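**Q** First the structure, then my questions, so here it is.
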Amino acid sequence: MVQHIVFGAGLIGSYLGAIMQLQGLSVTLIGRQNMLDKLKDGITLTDYHQHRQQVRMTGLYDIYRSPNAILPTADFLWLTVKCTGIQHALIDIQLLVTPQTVILCCQNGLGSDQQVKQAFPNNAVLRVMVPFNVVQFENGHFHRGSEGALTIEHDESTIANELQALLACELLPVRCDSDMHNLLWAKLQLNLGNAVNAIADIPVKAMLRQRNFRRVIATMMEELLAVVRAQDIKLPRITAVSADKLPMILRLPDWLFVLVANKMLAIDPDVRTSMWWDLHQHKQTEIDYLNGEIVKWGVKLAIPTPVNSAVVQWIKAIESEDMVQGVSGQDMLVRLNIG
């Protein structure tokens with residue numbers, strides 16, 4: 001039987017692994033024991049469309065606590081650790097990978113797949129975009145709180161189509177796309193708001209309802225668009241609004257934004273970003289792979305990116321506990337010198 005291994009039992013990894021189990025696939029979920037303990041009595045999957053399923057995972061392993069455990073090798077290895085955990089994971093997955101293993105990189109941001117390709121140059125490595133948020137309400141209950149389809153990179157093989165057929169269900173829309181480079185840049189544009197959400201320390205929906213926070217995000221997006229134009233990248237549309245129009249929409253007055261951008265607000269009121277969760281749990285964030293990528297490319301292309309640069313430093317100050325989360329939209333505008 002084809003063996004799937006999900007390496008990284010976080011929010012996305014646990015949700016994805018449970019979907020595979022629900023779909024009748026042979027799947028092993030590998031993670032830290034403190035998370036696995038929350039899953040051993042069963043997993044509840046829900047989404048903002050009110051779908052609900054119960055599933056019991058049969059393959060849960062903590063290779064850090066049981067390094068001598070005999071695990072199957074992977075036909076498909078879904079790497080769901082954060083960008084900051086890639087280097088360590090590349091060591092840990094050595095015994096799980098064969099020359100035939102397809103490795104699927106499910107990270108936010110840009111660049112982490114290159115590290116995987118360097119470590120496993122002879123394996124097929126496909127990128128996966130996860131556009132939706134997953135939150136954990138209680139032990140074993142994972143909730144998809146926003147729209148978007150899991151998107152698998154379509155190469156010259158039929159792998160992506162086969163995986164789409166296996167995984168797609170009510171709780172997990174799945175699609176394929178051959179233009180993953182540009183698609184991930186488009187996703188990065190949306191992810192620039194993660195840092196604002198983490199700094200503001202409020203749910204995403206509440207953040208988006210406040211124009212001052214949206215003005216910060218719009219300014220960062222404009223810096224990204226300048227970098228993108230310099231590289232002649234054409235951003236595909238992944239929201240109801242085209243990439244170049246998003247900053248204008250975000251700057252609308254609150255009453256008009258609610259009317260025009262109702263789909264952007266079609267998220268559960270409790271959803272927060274993964275960066276908020278990282279700071280809340282005193283973990284290193286993925287800021288270097290998100291806003292930091294804009295700063296890096298800005299330097300290469302001699303394009304100013306002052307707001308993204310300041311936000312990167314702000315997040316790092318919170319990581320080092322030199323600053324704390326929680327600031328108003330007006331204060332954020334002032335601190336970032338946005339007029």
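Identifiers in this document derive from the order of the structure tokens: chains are assigned A, B, ..., residues are numbered from 1 separately in each chain, and ligands are numbered from 1 in order of occurrence.
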Going by DSSP on the backbone, which bits of range 149-191 of chain A are alpha helix (DSSP H)? Write them as number ranges by chain, please.
**A** A: 159-167, 180-191
**Q** Name all residues at most 7 Å from Met221 in chain A (count only C-alpha atoms; drop same-chain ones fewer than 4 positions away) and give them as JSON, numbers by chain.
**A** {"A": [189, 217, 225, 247]}
**Q** Okay, now the selection with N, CA, C and O atoms, as a PDB file, in the first residue's frame?
**A**
ATOM      1  N   GLN A 189       2.253  37.784  -0.761  1.00  0.00           N
ATOM      2  CA  GLN A 189       1.590  39.079  -0.627  1.00  0.00           C
ATOM      3  C   GLN A 189       0.513  39.023   0.453  1.00  0.00           C
ATOM      4  O   GLN A 189       0.403  39.935   1.285  1.00  0.00           O
ATOM      5  N   ILE A 217      -0.653  46.981   6.127  1.00  0.00           N
ATOM      6  CA  ILE A 217      -0.540  45.832   5.215  1.00  0.00           C
ATOM      7  C   ILE A 217      -0.459  46.316   3.770  1.00  0.00           C
ATOM      8  O   ILE A 217       0.345  45.808   2.977  1.00  0.00           O
ATOM      9  N   LEU A 225       5.031  44.571  -4.417  1.00  0.00           N
ATOM     10  CA  LEU A 225       4.684  44.724  -5.830  1.00  0.00           C
ATOM     11  C   LEU A 225       5.809  45.395  -6.609  1.00  0.00           C
ATOM     12  O   LEU A 225       6.047  45.067  -7.777  1.00  0.00           O
ATOM     13  N   PRO A 247      -3.889  46.703  -2.421  1.00  0.00           N
ATOM     14  CA  PRO A 247      -3.591  47.834  -1.534  1.00  0.00           C
ATOM     15  C   PRO A 247      -4.672  48.912  -1.545  1.00  0.00           C
ATOM     16  O   PRO A 247      -5.016  49.475  -0.501  1.00  0.00           O
TER      17      PRO A 247
END
**Q** Quick one: residues within 9 Å of range 11-18 of chain A, only C-alpha atoms counted, chain neighbours fewer than 5 positions away excluded, as an NGL selection string?
**A** :A and (4-6 or 23 or 27-31 or 39 or 43-45 or 54-57 or 78-81 or 106 or 130 or 133-136 or 140 or 142-144 or 167 or 172 or 274)
**Q** My list of candidates is A:Asp270, A:Asp37, A:Asp75, A:Glu223. Which is closest to Ile202 in chain A when distances are computed with only C-alpha atoms?
**A** A:Asp270
**Q** Could you list, as number ranges by chain, every residue within 7 Å of Asp155 in chain A, counting only C-alpha atoms and ignoring same-chain residues fewer than 2 positions away?
**A** A: 153, 157, 178
**Q** Filtering to C-alpha atoms, could you give me those residues as an mmCIF file, in the first residue's frame?
**A**
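What landed in result-v5.cif:
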data_model
loop_
_atom_site.group_PDB
_atom_site.id
_atom_site.type_symbol
_atom_site.label_atom_id
_atom_site.label_comp_id
_atom_site.auth_asym_id
_atom_site.auth_seq_id
_atom_site.Cartn_x
_atom_site.Cartn_y
_atom_site.Cartn_z
ATOM 1 C CA GLU A 153 2.755 21.818 -7.743
ATOM 2 C CA SER A 157 4.331 13.821 -14.117
ATOM 3 C CA SER A 178 2.103 24.415 -12.698
#
**Q** Quick one: residues within 10 Å of Lys263 in chain A, only C-alpha atoms counted, chain neighbours fewer than 5 positions away excluded, as a ChimeraX atom specification?
**A** /A:146-147,239-241,258
**Q** Measuring between only C-alpha atoms, which one of A:Ile318, A:Val116, A:Leu183, A:Ala266 shows the shortest distance to Gln284 in chain A?
**A** A:Ile318
**Q** Residues near Lys316 in chain A, anyone? I mean within 10 Å using only C-alpha atoms, not counting same-chain ones fewer than 3 positions away, as a ChimeraX atom specification.
**A** /A:279,284-285,287-288,310-313,319-323
**Q** Excluding Asp244 in chain A and its own-chain neighbours fewer than 6 positions away, which residues fall within 12 Å of it when counting only C-alpha atoms? Please give them as a list in words.
**A** Ala186, Gln189, Leu190, Ala218, Thr219, Met221, Glu222, Glu223, Leu224, Leu225, Ala226, Val228, Arg229, Lys234, Leu235, Pro236, Arg237, Ile238 and Leu250 of chain A
**Q** Let's have the selection written as a short mmCIF file (atom, residue, chain, number, x, y, z; two decimals), in the first residue's frame, with N, CA, C and O atoms.
**A**
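Output contents, as saved in result01.cif:
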data_model
loop_
_atom_site.label_atom_id
_atom_site.label_comp_id
_atom_site.auth_asym_id
_atom_site.auth_seq_id
_atom_site.Cartn_x
_atom_site.Cartn_y
_atom_site.Cartn_z
N ALA A 186 2.41 35.35 -4.96
CA ALA A 186 1.07 35.88 -4.69
C ALA A 186 0.62 35.53 -3.28
O ALA A 186 0.00 36.35 -2.59
N GLN A 189 2.25 37.78 -0.76
CA GLN A 189 1.59 39.08 -0.63
C GLN A 189 0.51 39.02 0.45
O GLN A 189 0.40 39.94 1.29
N LEU A 190 -0.26 37.96 0.46
CA LEU A 190 -1.31 37.82 1.48
C LEU A 190 -0.72 37.56 2.86
O LEU A 190 -1.27 38.01 3.88
N ALA A 218 -1.27 47.30 3.41
CA ALA A 218 -1.26 47.84 2.05
C ALA A 218 0.10 48.40 1.68
O ALA A 218 0.60 48.21 0.56
N THR A 219 0.73 49.10 2.61
CA THR A 219 2.04 49.68 2.34
C THR A 219 3.09 48.59 2.13
O THR A 219 3.93 48.69 1.22
N MET A 221 2.46 45.62 1.04
CA MET A 221 2.13 45.00 -0.25
C MET A 221 2.69 45.81 -1.41
O MET A 221 3.17 45.25 -2.40
N GLU A 222 2.64 47.14 -1.31
CA GLU A 222 3.17 47.98 -2.38
C GLU A 222 4.67 47.79 -2.52
O GLU A 222 5.21 47.82 -3.64
N GLU A 223 5.37 47.60 -1.42
CA GLU A 223 6.80 47.30 -1.49
C GLU A 223 7.03 45.96 -2.19
O GLU A 223 7.93 45.83 -3.03
N LEU A 224 6.22 44.97 -1.88
CA LEU A 224 6.32 43.67 -2.56
C LEU A 224 6.05 43.83 -4.06
O LEU A 224 6.78 43.26 -4.88
N LEU A 225 5.03 44.57 -4.42
CA LEU A 225 4.68 44.72 -5.83
C LEU A 225 5.81 45.40 -6.61
O LEU A 225 6.05 45.07 -7.78
N ALA A 226 6.52 46.32 -5.98
CA ALA A 226 7.66 46.95 -6.64
C ALA A 226 8.77 45.92 -6.90
O ALA A 226 9.38 45.90 -7.97
N VAL A 228 8.31 42.67 -7.17
CA VAL A 228 7.77 41.73 -8.16
C VAL A 228 7.89 42.30 -9.57
O VAL A 228 8.31 41.61 -10.51
N ARG A 229 7.54 43.56 -9.73
CA ARG A 229 7.62 44.18 -11.06
C ARG A 229 9.05 44.20 -11.57
O ARG A 229 9.30 43.98 -12.77
N LYS A 234 4.54 37.88 -12.91
CA LYS A 234 3.12 38.14 -13.07
C LYS A 234 2.36 37.38 -11.99
O LYS A 234 2.32 36.14 -12.00
N LEU A 235 1.79 38.10 -11.05
CA LEU A 235 1.12 37.45 -9.93
C LEU A 235 -0.26 36.94 -10.36
O LEU A 235 -1.09 37.71 -10.84
N PRO A 236 -0.50 35.64 -10.18
CA PRO A 236 -1.84 35.12 -10.49
C PRO A 236 -2.85 35.61 -9.45
O PRO A 236 -2.49 35.92 -8.32
N ARG A 237 -4.09 35.66 -9.83
CA ARG A 237 -5.13 36.10 -8.90
C ARG A 237 -5.52 34.94 -8.00
O ARG A 237 -5.96 33.89 -8.48
N ILE A 238 -5.34 35.09 -6.70
CA ILE A 238 -5.74 34.04 -5.76
C ILE A 238 -6.82 34.54 -4.80
O ILE A 238 -7.22 33.84 -3.89
N LEU A 250 -7.64 47.68 0.49
CA LEU A 250 -7.35 47.69 1.92
C LEU A 250 -7.43 49.09 2.53
O LEU A 250 -7.74 49.24 3.71
#
**Q** Between CA of Ser26 in chain A and CA of Cys169 in chain A, what distance in Å does the model show, to one decimal?
**A** 16.7 Å
**Q** Out of A:Gln210, A:Gln3, A:Gln53, A:Gln330, which residue has the shortest atom-to-atom distance to Thr101 in chain A when counting only C-alpha atoms?
**A** A:Gln3
**Q** Could you check how far CA of Lys38 in chain A sits from CA of Asp62 in chain A, in Å to one decimal?
**A**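 Calculated distance between CA of Lys38 in chain A and CA of Asp62 in chain A is 12.8 Å.
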**Q** Pick out the closest residue to Gln100 in chain A from this set: A:Gly148, A:Gly292, A:Pro121, A:Gly85. Count only C-alpha atoms.
**A**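 Result for the nearest residue to Gln100 in chain A: A:Pro121.
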